[in-house]
file entry-v4.pdb (PDB, C-alpha atoms and all ligand atoms)
ATOM      1  CA  MET E   1       0.000   0.000   0.000
ATOM      2  CA  THR E   2       1.319   3.395  -0.926
ATOM      3  CA  THR E   3      -1.358   5.760   0.284
ATOM      4  CA  ILE E   4      -1.388   8.353   3.035
ATOM      5  CA  GLU E   5      -4.711   8.260   4.865
ATOM      6  CA  VAL E   6      -5.530  11.208   7.088
ATOM      7  CA  ARG E   7      -8.700  10.728   9.156
ATOM      8  CA  GLY E   8     -10.258  13.278  11.485
ATOM      9  CA  LEU E   9      -6.843  14.725  12.186
ATOM     10  CA  THR E  10      -6.904  17.456  14.811
ATOM     11  CA  LYS E  11      -4.120  19.376  16.558
ATOM     12  CA  THR E  12      -4.358  21.990  19.241
ATOM     13  CA  TYR E  13      -1.498  24.020  20.691
ATOM     14  CA  GLY E  14      -2.821  25.398  23.974
ATOM     15  CA  PRO E  15      -6.044  27.204  23.092
ATOM     16  CA  ASP E  16      -5.207  27.288  19.351
ATOM     17  CA  LEU E  17      -6.928  24.826  17.038
ATOM     18  CA  VAL E  18      -4.280  24.493  14.317
ATOM     19  CA  VAL E  19      -5.564  21.417  12.435
ATOM     20  CA  ASP E  20      -9.303  20.870  12.591
ATOM     21  CA  ASP E  21     -10.825  17.451  11.819
ATOM     22  CA  LEU E  22      -8.911  17.005   8.576
ATOM     23  CA  SER E  23      -9.525  13.939   6.360
ATOM     24  CA  PHE E  24      -8.013  13.205   2.944
ATOM     25  CA  THR E  25      -6.156  10.443   1.098
ATOM     26  CA  VAL E  26      -2.995  10.804  -0.964
ATOM     27  CA  GLU E  27      -3.013   8.274  -3.813
ATOM     28  CA  PRO E  28      -0.117   6.764  -5.772
ATOM     29  CA  GLY E  29       0.708   7.910  -9.297
ATOM     30  CA  HIS E  30      -0.100  11.557  -8.621
ATOM     31  CA  VAL E  31       1.518  14.671  -7.300
ATOM     32  CA  THR E  32      -0.943  15.898  -4.681
ATOM     33  CA  GLY E  33      -0.565  19.613  -4.032
ATOM     34  CA  PHE E  34      -1.193  20.580  -0.427
ATOM     35  CA  LEU E  35      -2.247  24.209  -0.512
ATOM     36  CA  GLY E  36      -3.186  26.795   2.032
ATOM     37  CA  PRO E  37      -2.334  30.326   3.078
ATOM     38  CA  ASN E  38       0.455  30.962   5.595
ATOM     39  CA  GLY E  39      -0.383  29.427   8.939
ATOM     40  CA  ALA E  40      -3.107  27.176   7.503
ATOM     41  CA  GLY E  41      -1.608  24.108   9.183
ATOM     42  CA  LYS E  42       0.202  22.433   6.276
ATOM     43  CA  SER E  43       3.521  21.881   8.045
ATOM     44  CA  THR E  44       1.791  20.735  11.217
ATOM     45  CA  THR E  45      -0.207  18.174   9.211
ATOM     46  CA  MET E  46       2.932  16.918   7.487
ATOM     47  CA  ARG E  47       4.709  16.640  10.816
ATOM     48  CA  MET E  48       1.837  14.535  12.158
ATOM     49  CA  ILE E  49       1.954  12.298   9.061
ATOM     50  CA  LEU E  50       5.651  11.743   9.787
ATOM     51  CA  GLY E  51       5.187  11.061  13.477
ATOM     52  CA  LEU E  52       7.030  14.266  14.451
ATOM     53  CA  ALA E  53       4.005  15.747  16.207
ATOM     54  CA  ALA E  54       1.281  13.828  18.015
ATOM     55  CA  PRO E  55      -2.322  14.357  16.872
ATOM     56  CA  THR E  56      -4.693  15.662  19.534
ATOM     57  CA  LYS E  57      -7.382  13.565  17.828
ATOM     58  CA  GLY E  58      -7.710  11.460  14.695
ATOM     59  CA  SER E  59      -5.244   9.232  12.887
ATOM     60  CA  VAL E  60      -2.781   9.038  10.022
ATOM     61  CA  ARG E  61      -1.779   5.877   8.170
ATOM     62  CA  VAL E  62       1.231   5.795   5.914
ATOM     63  CA  GLY E  63       1.262   2.742   3.666
ATOM     64  CA  GLY E  64      -1.516   1.262   5.795
ATOM     65  CA  ARG E  65       0.202   1.715   9.153
ATOM     66  CA  GLU E  66       0.890   4.388  11.712
ATOM     67  CA  TYR E  67       4.333   5.922  11.171
ATOM     68  CA  ALA E  68       5.518   4.666  14.574
ATOM     69  CA  ARG E  69       4.683   1.094  13.527
ATOM     70  CA  LEU E  70       6.718   1.145  10.298
ATOM     71  CA  PRO E  71       9.666  -1.253  10.739
ATOM     72  CA  VAL E  72      12.095   0.846   8.613
ATOM     73  CA  PRO E  73      10.286   4.156   8.007
ATOM     74  CA  LEU E  74      12.811   5.455   5.463
ATOM     75  CA  THR E  75      11.956   2.587   3.121
ATOM     76  CA  GLU E  76       8.250   3.470   3.253
ATOM     77  CA  VAL E  77       8.224   7.263   3.306
ATOM     78  CA  GLY E  78      10.825   9.901   2.501
ATOM     79  CA  ALA E  79      10.460  13.552   3.425
ATOM     80  CA  LEU E  80      12.040  16.896   2.694
ATOM     81  CA  LEU E  81      10.926  19.222   5.447
ATOM     82  CA  ASP E  82      13.739  21.712   5.928
ATOM     83  CA  ALA E  83      16.662  21.722   3.507
ATOM     84  CA  ALA E  84      18.616  23.982   5.855
ATOM     85  CA  ALA E  85      18.825  21.172   8.418
ATOM     86  CA  LEU E  86      22.370  20.178   7.460
ATOM     87  CA  HIS E  87      25.689  20.100   9.232
ATOM     88  CA  PRO E  88      27.597  22.741   7.219
ATOM     89  CA  ALA E  89      31.025  21.172   7.802
ATOM     90  CA  ARG E  90      29.898  17.711   6.710
ATOM     91  CA  ARG E  91      30.493  16.536   3.151
ATOM     92  CA  ALA E  92      27.329  15.791   1.162
ATOM     93  CA  ASP E  93      28.050  12.078   0.778
ATOM     94  CA  ASP E  94      28.957  11.720   4.464
ATOM     95  CA  HIS E  95      25.690  13.426   5.393
ATOM     96  CA  LEU E  96      23.794  10.848   3.341
ATOM     97  CA  LEU E  97      25.949   7.982   4.588
ATOM     98  CA  ALA E  98      25.166   8.848   8.218
ATOM     99  CA  ILE E  99      21.432   8.702   7.479
ATOM    100  CA  ALA E 100      21.818   5.539   5.395
ATOM    101  CA  GLN E 101      23.818   3.676   8.033
ATOM    102  CA  SER E 102      21.416   4.518  10.832
ATOM    103  CA  ASN E 103      18.677   2.921   8.708
ATOM    104  CA  GLY E 104      20.610  -0.157   7.627
ATOM    105  CA  ILE E 105      21.093   1.130   4.066
ATOM    106  CA  GLY E 106      24.398   0.485   2.257
ATOM    107  CA  ARG E 107      26.996   2.880   0.819
ATOM    108  CA  ARG E 108      26.088   2.015  -2.771
ATOM    109  CA  ARG E 109      22.673   3.580  -2.402
ATOM    110  CA  VAL E 110      24.324   6.887  -1.381
ATOM    111  CA  ALA E 111      26.114   7.042  -4.744
ATOM    112  CA  GLU E 112      22.881   6.129  -6.518
ATOM    113  CA  VAL E 113      20.789   8.883  -4.948
ATOM    114  CA  LEU E 114      23.543  11.473  -5.499
ATOM    115  CA  THR E 115      23.439  10.592  -9.198
ATOM    116  CA  MET E 116      19.627  10.700  -9.262
ATOM    117  CA  VAL E 117      19.631  14.305  -8.035
ATOM    118  CA  GLY E 118      22.616  15.372 -10.159
ATOM    119  CA  LEU E 119      25.046  15.881  -7.260
ATOM    120  CA  ASP E 120      27.374  12.949  -8.039
ATOM    121  CA  LYS E 121      30.229  15.223  -9.199
ATOM    122  CA  ILE E 122      30.189  17.297  -6.026
ATOM    123  CA  GLY E 123      29.319  14.672  -3.426
ATOM    124  CA  ARG E 124      32.679  15.223  -1.673
ATOM    125  CA  ARG E 125      32.037  18.942  -1.137
ATOM    126  CA  ARG E 126      30.978  20.344   2.211
ATOM    127  CA  ALA E 127      27.253  21.050   2.404
ATOM    128  CA  GLY E 128      27.929  24.446   4.037
ATOM    129  CA  GLY E 129      29.053  25.810   0.658
ATOM    130  CA  PHE E 130      25.968  24.577  -1.198
ATOM    131  CA  SER E 131      23.467  26.953  -2.785
ATOM    132  CA  LEU E 132      19.839  26.641  -1.700
ATOM    133  CA  GLY E 133      19.078  24.673  -4.874
ATOM    134  CA  MET E 134      21.894  22.212  -4.139
ATOM    135  CA  ARG E 135      20.711  21.840  -0.542
ATOM    136  CA  GLN E 136      17.223  21.033  -1.790
ATOM    137  CA  ARG E 137      18.674  18.374  -4.069
ATOM    138  CA  LEU E 138      20.665  16.950  -1.184
ATOM    139  CA  GLY E 139      17.526  16.903   0.965
ATOM    140  CA  ILE E 140      15.681  15.058  -1.798
ATOM    141  CA  ALA E 141      18.576  12.590  -2.104
ATOM    142  CA  ALA E 142      18.206  11.885   1.636
ATOM    143  CA  ALA E 143      14.464  11.352   1.220
ATOM    144  CA  LEU E 144      15.137   8.826  -1.559
ATOM    145  CA  LEU E 145      17.732   6.773   0.318
ATOM    146  CA  GLY E 146      15.281   4.045   1.311
ATOM    147  CA  ASP E 147      13.639   4.006  -2.151
ATOM    148  CA  PRO E 148      10.282   4.831  -0.516
ATOM    149  CA  ARG E 149       6.950   4.617  -2.357
ATOM    150  CA  ILE E 150       5.655   7.711  -0.531
ATOM    151  CA  LEU E 151       7.318  11.134  -0.621
ATOM    152  CA  ILE E 152       6.495  14.291   1.279
ATOM    153  CA  PHE E 153       7.914  17.685   0.347
ATOM    154  CA  ASP E 154       7.239  20.794   2.436
ATOM    155  CA  GLU E 155       7.529  23.954   0.306
ATOM    156  CA  PRO E 156      10.326  22.452  -1.823
ATOM    157  CA  VAL E 157      10.600  25.337  -4.284
ATOM    158  CA  ASN E 158      10.629  28.187  -1.764
ATOM    159  CA  GLY E 159      13.409  30.608  -2.643
ATOM    160  CA  LEU E 160      14.642  28.686  -5.680
ATOM    161  CA  ASP E 161      15.489  30.242  -9.046
ATOM    162  CA  PRO E 162      13.449  29.237 -12.132
ATOM    163  CA  GLU E 163      15.910  26.509 -13.121
ATOM    164  CA  GLY E 164      15.780  24.994  -9.613
ATOM    165  CA  ILE E 165      11.985  25.210  -9.561
ATOM    166  CA  ARG E 166      11.732  23.447 -12.907
ATOM    167  CA  TRP E 167      14.116  20.720 -11.816
ATOM    168  CA  ILE E 168      12.130  19.943  -8.647
ATOM    169  CA  ARG E 169       8.839  20.062 -10.553
ATOM    170  CA  ASP E 170      10.072  17.606 -13.196
ATOM    171  CA  PHE E 171      11.599  15.385 -10.542
ATOM    172  CA  MET E 172       8.374  15.203  -8.526
ATOM    173  CA  ARG E 173       6.401  14.415 -11.660
ATOM    174  CA  LYS E 174       8.839  11.629 -12.508
ATOM    175  CA  LEU E 175       8.495  10.142  -9.010
ATOM    176  CA  ALA E 176       4.707  10.152  -9.399
ATOM    177  CA  ALA E 177       4.930   8.659 -12.898
ATOM    178  CA  ASP E 178       6.895   5.771 -11.321
ATOM    179  CA  GLY E 179       3.748   5.038  -9.285
ATOM    180  CA  ARG E 180       4.819   6.752  -6.065
ATOM    181  CA  SER E 181       2.570   8.919  -3.899
ATOM    182  CA  VAL E 182       3.887  12.475  -3.744
ATOM    183  CA  LEU E 183       2.487  15.067  -1.325
ATOM    184  CA  CYS E 184       3.893  18.540  -1.843
ATOM    185  CA  SER E 185       2.923  21.640   0.101
ATOM    186  CA  SER E 186       3.110  25.112  -1.317
ATOM    187  CA  HIS E 187       1.519  28.486  -1.129
ATOM    188  CA  LEU E 188       2.632  29.237  -4.687
ATOM    189  CA  MET E 189      -0.517  28.641  -6.683
ATOM    190  CA  SER E 190       1.014  29.225 -10.080
ATOM    191  CA  GLU E 191       3.626  26.576  -9.301
ATOM    192  CA  MET E 192       1.089  23.987  -8.196
ATOM    193  CA  ALA E 193      -0.993  24.653 -11.296
ATOM    194  CA  VAL E 194       1.773  23.147 -13.435
ATOM    195  CA  THR E 195       2.948  20.492 -10.963
ATOM    196  CA  ALA E 196       0.031  18.841  -9.195
ATOM    197  CA  ASP E 197      -2.630  16.457 -10.543
ATOM    198  CA  HIS E 198      -4.688  16.546  -7.390
ATOM    199  CA  LEU E 199      -5.242  19.233  -4.766
ATOM    200  CA  VAL E 200      -5.945  19.249  -1.072
ATOM    201  CA  VAL E 201      -6.670  22.817   0.021
ATOM    202  CA  ILE E 202      -6.895  23.852   3.667
ATOM    203  CA  GLY E 203      -7.580  27.118   5.452
ATOM    204  CA  ARG E 204      -7.324  27.637   9.201
ATOM    205  CA  GLY E 205      -6.683  23.916   9.582
ATOM    206  CA  ARG E 206      -9.906  22.881   7.826
ATOM    207  CA  LEU E 207     -10.412  21.096   4.544
ATOM    208  CA  ILE E 208     -11.623  23.484   1.846
ATOM    209  CA  ALA E 209     -11.215  21.257  -1.232
ATOM    210  CA  ASP E 210     -10.012  17.745  -2.104
ATOM    211  CA  THR E 211     -10.265  17.410  -5.856
ATOM    212  CA  SER E 212      -8.430  16.912  -9.146
ATOM    213  CA  MET E 213      -6.689  19.987 -10.518
ATOM    214  CA  SER E 214      -8.963  20.222 -13.575
ATOM    215  CA  GLU E 215     -12.116  19.801 -11.496
ATOM    216  CA  PHE E 216     -10.893  22.450  -9.048
ATOM    217  CA  THR E 217     -10.657  25.209 -11.635
ATOM    218  CA  ARG E 218     -13.662  23.985 -13.639
ATOM    219  CA  SER E 219     -16.087  23.734 -10.728
ATOM    220  CA  HIS E 220     -15.099  27.108  -9.390
ATOM    221  CA  GLY E 221     -14.833  28.814 -12.753
ATOM    222  CA  ASP E 222     -17.211  31.498 -13.887
ATOM    223  CA  GLY E 223     -17.199  29.930 -17.380
ATOM    224  CA  THR E 224     -16.711  33.034 -19.465
ATOM    225  CA  VAL E 225     -15.765  33.054 -23.137
ATOM    226  CA  LEU E 226     -13.755  35.814 -24.780
ATOM    227  CA  VAL E 227     -14.895  36.564 -28.344
ATOM    228  CA  ARG E 228     -13.554  38.917 -30.972
ATOM    229  CA  ALA E 229     -15.323  39.894 -34.180
ATOM    230  CA  GLN E 230     -15.091  42.822 -36.603
ATOM    231  CA  VAL E 231     -18.784  43.499 -36.036
ATOM    232  CA  ALA E 232     -18.742  43.170 -32.260
ATOM    233  CA  ASP E 233     -21.989  45.110 -31.696
ATOM    234  CA  GLU E 234     -23.933  42.920 -34.093
ATOM    235  CA  LEU E 235     -22.548  39.750 -32.537
ATOM    236  CA  ALA E 236     -23.361  41.049 -29.040
ATOM    237  CA  ARG E 237     -27.016  41.512 -30.095
ATOM    238  CA  HIS E 238     -27.276  37.931 -31.369
ATOM    239  CA  LEU E 239     -25.631  36.512 -28.283
ATOM    240  CA  THR E 240     -27.882  38.489 -25.954
ATOM    241  CA  ALA E 241     -30.956  37.383 -27.912
ATOM    242  CA  ALA E 242     -29.826  33.769 -27.415
ATOM    243  CA  GLY E 243     -29.667  34.238 -23.635
ATOM    244  CA  GLY E 244     -26.017  35.183 -23.173
ATOM    245  CA  VAL E 245     -24.807  37.977 -20.938
ATOM    246  CA  VAL E 246     -22.312  40.115 -22.811
ATOM    247  CA  ARG E 247     -19.946  42.795 -21.533
ATOM    248  CA  GLY E 248     -17.050  44.610 -23.128
ATOM    249  CA  GLY E 249     -13.591  43.049 -22.620
ATOM    250  CA  PRO E 250     -10.069  44.272 -23.352
ATOM    251  CA  GLU E 251      -9.252  45.662 -26.821
ATOM    252  CA  ARG E 252     -12.783  45.583 -28.196
ATOM    253  CA  SER E 253     -13.364  41.955 -27.250
ATOM    254  CA  LEU E 254     -16.593  40.643 -25.741
ATOM    255  CA  ILE E 255     -16.780  38.627 -22.525
ATOM    256  CA  VAL E 256     -19.737  36.262 -22.626
ATOM    257  CA  THR E 257     -21.364  34.304 -19.826
ATOM    258  CA  GLY E 258     -24.270  31.905 -20.124
ATOM    259  CA  LEU E 259     -23.245  30.456 -23.506
ATOM    260  CA  ASP E 260     -20.358  28.083 -24.141
ATOM    261  CA  SER E 261     -17.860  28.468 -26.982
ATOM    262  CA  THR E 262     -19.568  25.827 -29.158
ATOM    263  CA  GLU E 263     -22.868  27.685 -28.947
ATOM    264  CA  ILE E 264     -21.231  31.070 -29.603
ATOM    265  CA  GLY E 265     -19.385  29.661 -32.661
ATOM    266  CA  ARG E 266     -22.632  28.193 -33.967
ATOM    267  CA  LEU E 267     -24.556  31.467 -33.519
ATOM    268  CA  ALA E 268     -21.787  33.438 -35.238
ATOM    269  CA  ALA E 269     -21.895  31.038 -38.210
ATOM    270  CA  VAL E 270     -25.701  31.162 -38.430
ATOM    271  CA  HIS E 271     -25.608  34.986 -38.557
ATOM    272  CA  GLY E 272     -22.623  35.138 -40.905
ATOM    273  CA  VAL E 273     -20.348  36.876 -38.391
ATOM    274  CA  ALA E 274     -16.635  36.135 -38.840
ATOM    275  CA  LEU E 275     -14.814  35.543 -35.555
ATOM    276  CA  SER E 276     -11.147  36.331 -35.066
ATOM    277  CA  GLU E 277     -10.987  34.837 -31.558
ATOM    278  CA  LEU E 278     -13.090  32.457 -29.464
ATOM    279  CA  THR E 279     -11.410  31.593 -26.164
ATOM    280  CA  PRO E 280     -13.042  29.790 -23.233
ATOM    281  CA  ARG E 281     -11.590  31.276 -20.070
ATOM    282  CA  THR E 282     -11.094  29.228 -16.940
ATOM    283  CA  PRO E 283      -9.914  31.186 -13.950
ATOM    284  CA  SER E 284      -6.337  30.609 -12.886
ATOM    285  CA  LEU E 285      -5.731  28.377  -9.907
ATOM    286  CA  GLU E 286      -4.615  31.475  -8.090
ATOM    287  CA  ASP E 287      -7.960  33.210  -8.687
ATOM    288  CA  VAL E 288      -9.868  30.210  -7.356
ATOM    289  CA  PHE E 289      -7.564  29.784  -4.404
ATOM    290  CA  MET E 290      -7.865  33.433  -3.393
ATOM    291  CA  GLU E 291     -11.630  33.230  -3.606
ATOM    292  CA  LEU E 292     -11.836  30.029  -1.555
ATOM    293  CA  THR E 293      -9.405  31.021   1.148
ATOM    294  CA  GLN E 294     -10.218  34.686   1.559
ATOM    295  CA  ASP E 295     -11.965  33.999   4.857
ATOM    296  CA  SER E 296      -9.084  31.981   6.193
ATOM    297  CA  VAL E 297      -5.993  34.095   5.645
ATOM    298  CA  GLU E 298      -4.275  35.040   8.887
ATOM    299  CA  TYR E 299      -3.383  38.615   7.994
ATOM    300  CA  ALA E 300      -5.123  40.139   5.005
ATOM    301  CA  GLY E 301      -3.470  43.163   3.384
ATOM    302  CA  ALA E 302      -5.556  46.278   2.788
ATOM    303  CA  ALA E 303      -6.471  46.985  -0.816
ATOM    304  CA  VAL E 304      -4.204  49.606  -2.431
TER     305      VAL E 304
HETATM  306  N1  LIG E 401       4.931  24.021  18.066
HETATM  307  C1  LIG E 401       3.963  24.943  17.947
HETATM  308  N2  LIG E 401       3.461  25.583  19.036
HETATM  309  C2  LIG E 401       2.489  26.495  18.927
HETATM  310  N3  LIG E 401       1.923  26.861  17.755
HETATM  311  C3  LIG E 401       2.375  26.276  16.647
HETATM  312  C4  LIG E 401       3.414  25.283  16.657
HETATM  313  N4  LIG E 401       3.650  24.879  15.390
HETATM  314  C5  LIG E 401       2.793  25.587  14.605
HETATM  315  N5  LIG E 401       2.040  26.414  15.349
HETATM  316  C6  LIG E 401       0.991  27.338  14.838
HETATM  317  O1  LIG E 401       0.119  26.578  14.049
HETATM  318  C7  LIG E 401      -0.354  27.338  12.940
HETATM  319  C8  LIG E 401      -0.129  26.549  11.671
HETATM  320  O2  LIG E 401       1.257  26.521  11.378
HETATM  321  P1  LIG E 401       1.868  25.668  10.195
HETATM  322  O3  LIG E 401       3.345  25.937  10.184
HETATM  323  O4  LIG E 401       1.422  24.268  10.278
HETATM  324  O5  LIG E 401       1.182  26.349   8.939
HETATM  325  P2  LIG E 401       1.589  26.301   7.413
HETATM  326  O6  LIG E 401       0.319  26.130   6.657
HETATM  327  O7  LIG E 401       2.662  25.304   7.180
HETATM  328  O8  LIG E 401       2.121  27.774   7.196
HETATM  329  P3  LIG E 401       3.319  28.359   6.288
HETATM  330  O9  LIG E 401       2.817  28.346   4.876
HETATM  331  O10 LIG E 401       3.437  29.764   6.824
HETATM  332  O11 LIG E 401       4.516  27.514   6.540
HETATM  333  C9  LIG E 401       0.361  28.673  12.983
HETATM  334  O12 LIG E 401      -0.504  29.626  13.517
HETATM  335  C10 LIG E 401       1.537  28.402  13.900
HETATM  336  O13 LIG E 401       1.903  29.561  14.593
END
call {"tool": "encode", "arguments": {"input": "entry-v4.pdb", "output": "structure tokens", "more": "lines below"}}
Ligand SMILES: Nc1ncnc2c1ncn2[C@@H]1O[C@H](COP(=O)(O)OP(=O)(O)OP(=O)(O)O)[C@@H](O)[C@H]1O
result
Amino acid sequence: MTTIEVRGLTKTYGPDLVVDDLSFTVEPGHVTGFLGPNGAGKSTTMRMILGLAAPTKGSVRVGGREYARLPVPLTEVGALLDAAALHPARRADDHLLAIAQSNGIGRRRVAEVLTMVGLDKIGRRRAGGFSLGMRQRLGIAAALLGDPRILIFDEPVNGLDPEGIRWIRDFMRKLAADGRSVLCSSHLMSEMAVTADHLVVIGRGRLIADTSMSEFTRSHGDGTVLVRAQVADELARHLTAAGGVVRGGPERSLIVTGLDSTEIGRLAAVHGVALSELTPRTPSLEDVFMELTQDSVEYAGAAV
């Protein structure tokens, strides 16, 4: 079994309810994006999945068992929580070897994971001199040591340059394509839009959405279509007569609601109106996310 099953998970710190009756399942073969505004409870949830924090209520099963009951956890689940958690004076390969040996994993696997993350040429260098991108790769190498079927990444692309972001994105997608379960937290919506297949969205510790990426934007979309025609006014009349709601868009375009692009194309053809553009518009993941979580952000900025 390669799933993560979170059931009724709850965590309080003193009077603060940080994770509130959260239930979701992370399935193999997908990158599951774990989204939420700052302070939503993502890291706390991940720490409970990994047995680093005790739930106040509820349960988590990793590969069918509680983390504490996994005989060799590293072979079941690998995690990148904080890439800065390195001994700066230690060489990269020694860092990995220490983790490997304490889990009964051999030296050969250290060389393998260094190659997988592209650090094989610099494995003898001290981690203290590594860039953030290299540290992230080293952290991922550590997570892969036990060849686990489940991987958890907490904000893996934070602070990385575009090349580093692309590398991590492609790597996560490859891990999922191998049939692994990948759970990746982020508050970067645009990044998740091109990385994740499935989304679990939380706000103030509560589940807001648990859905496929396409369903997420589709079900929350306003379903507008952008249309351009030489005779925009005439087209607008026909569309309105057919039950559409039409308003002016950028650069003399029309934004239509209430009719889909097939229907608009058909009406244009029937009335002999040539179209130069017909674009269904789904809202960006960021738009949907902002709308869904607006009540659950910790500190909202004033409009400027
Ligand atoms: N050990 C702790 N003691 C008290 N409060 C804590 C502790 N750990 C986390 N919290 C609080 O729990 C809330 C959720 O924090 P958490 O780090 O899980 O959120 P997050 O979604 O990962 O946020 P971010 O995107 O900012 O990392 C925050 O309000 C935080 O201050």
call {"tool": "atom_distance", "arguments": {"input": "entry-v4.pdb", "atom1": "atom C5 of ligand LIG 401 (chain E)", "atom2": "CA of Ala100 (chain E)"}}
result
29.1 Å
call {"tool": "atom_distance", "arguments": {"input": "entry-v4.pdb", "atom1": "CA of Leu74 (chain E)", "atom2": "CA of Ile49 (chain E)"}}
result
13.3 Å
call {"tool": "residues_near_ligand", "arguments": {"input": "entry-v4.pdb", "ligand": "ligand LIG 401 (chain E)", "cutoff": "12 Å", "atoms": "only C-alpha atoms and all ligand atoms", "output": "PyMOL selection string"}}
result
chain E and resi 10-20+34-48+52-54+81-82+153-156+158+184-188+201-206+296-299
call {"tool": "atom_distance", "arguments": {"input": "entry-v4.pdb", "atom1": "CA of Glu215 (chain E)", "atom2": "CA of Arg7 (chain E)"}}
result
22.8 Å
call {"tool": "resolve_selection", "arguments": {"input": "entry-v4.pdb", "expression": "the PyMOL selection byres (((chain E and resi 113) around 9) and not hetatm)", "output": "ChimeraX atom specification"}}
result
/E:108-112,114-120,138,140-142,144-145
call {"tool": "closest_atom_pairs", "arguments": {"input": "entry-v4.pdb", "of": "region 53-89 of chain E", "to": "region 127-130 of chain E", "cutoff": "9 Å", "atoms": "all atoms listed in the file", "output": "JSON lines"}}
result
{"residue": "E:Leu86", "atom": "CA", "partner": "E:Ala127", "partner_atom": "CA", "distance": 7.1}
{"residue": "E:His87", "atom": "CA", "partner": "E:Ala127", "partner_atom": "CA", "distance": 7.1}
{"residue": "E:Pro88", "atom": "CA", "partner": "E:Gly128", "partner_atom": "CA", "distance": 3.6}
{"residue": "E:Ala89", "atom": "CA", "partner": "E:Gly128", "partner_atom": "CA", "distance": 5.9}
call {"tool": "resolve_selection", "arguments": {"input": "entry-v4.pdb", "expression": "the PyMOL selection byres (((chain E and resi 168) around 12) and not hetatm)", "output": "VMD selection string"}}
result
chain E and resid 31 80 116 to 118 133 to 141 153 155 to 158 160 to 167 169 to 175 184 191 to 192 194 to 195
call {"tool": "closest_residue", "arguments": {"input": "entry-v4.pdb", "among": "E:Leu275, E:Ala268, E:Ile99, E:Leu199", "to": "Thr217 (chain E)", "atoms": "all atoms listed in the file"}}
result
E:Leu199
call {"tool": "closest_residue", "arguments": {"input": "entry-v4.pdb", "among": "E:His30, E:Ser261, E:Thr282, E:Val273", "to": "Ser214 (chain E)", "atoms": "only C-alpha atoms"}}
result
E:Thr282
call {"tool": "decode", "arguments": {"input": "entry-v4.pdb", "residues": "region 122-126 of chain E", "atoms": "all heavy atoms", "output": "short mmCIF file (atom, residue, chain, number, x, y, z; two decimals), in the first residue's frame"}}
result
data_model
loop_
_atom_site.label_atom_id
_atom_site.label_comp_id
_atom_site.auth_asym_id
_atom_site.auth_seq_id
_atom_site.Cartn_x
_atom_site.Cartn_y
_atom_site.Cartn_z
N ILE E 122 29.79 16.43 -7.15
CA ILE E 122 30.19 17.30 -6.03
C ILE E 122 29.84 16.69 -4.66
O ILE E 122 29.77 17.39 -3.66
CB ILE E 122 29.57 18.71 -6.16
CG1 ILE E 122 28.05 18.62 -6.32
CG2 ILE E 122 30.17 19.48 -7.32
CD1 ILE E 122 27.38 19.97 -6.24
N GLY E 123 29.67 15.37 -4.66
CA GLY E 123 29.32 14.67 -3.43
C GLY E 123 30.37 14.82 -2.32
O GLY E 123 30.05 14.69 -1.14
N ARG E 124 31.63 15.10 -2.69
CA ARG E 124 32.68 15.22 -1.67
C ARG E 124 32.77 16.65 -1.10
O ARG E 124 33.59 16.92 -0.24
CB ARG E 124 34.05 14.82 -2.25
CG ARG E 124 34.22 13.34 -2.55
CD ARG E 124 33.97 12.44 -1.35
NE ARG E 124 34.97 12.61 -0.28
CZ ARG E 124 34.72 12.38 1.02
NH1 ARG E 124 33.53 11.99 1.42
NH2 ARG E 124 35.68 12.54 1.90
N ARG E 125 31.97 17.56 -1.66
CA ARG E 125 32.04 18.94 -1.14
C ARG E 125 31.26 19.08 0.16
O ARG E 125 30.30 18.36 0.40
CB ARG E 125 31.44 19.92 -2.17
CG ARG E 125 32.36 20.14 -3.32
CD ARG E 125 32.14 21.54 -3.84
NE ARG E 125 32.31 21.55 -5.28
CZ ARG E 125 31.66 22.34 -6.11
NH1 ARG E 125 30.76 23.18 -5.65
NH2 ARG E 125 31.91 22.29 -7.39
N ARG E 126 31.68 20.10 0.95
CA ARG E 126 30.98 20.34 2.21
C ARG E 126 29.64 21.03 1.94
O ARG E 126 29.56 21.96 1.15
CB ARG E 126 31.84 21.23 3.12
CG ARG E 126 33.07 20.53 3.60
CD ARG E 126 33.87 21.42 4.53
NE ARG E 126 35.27 20.98 4.58
CZ ARG E 126 35.68 19.91 5.24
NH1 ARG E 126 34.83 19.18 5.92
NH2 ARG E 126 36.95 19.56 5.24
#
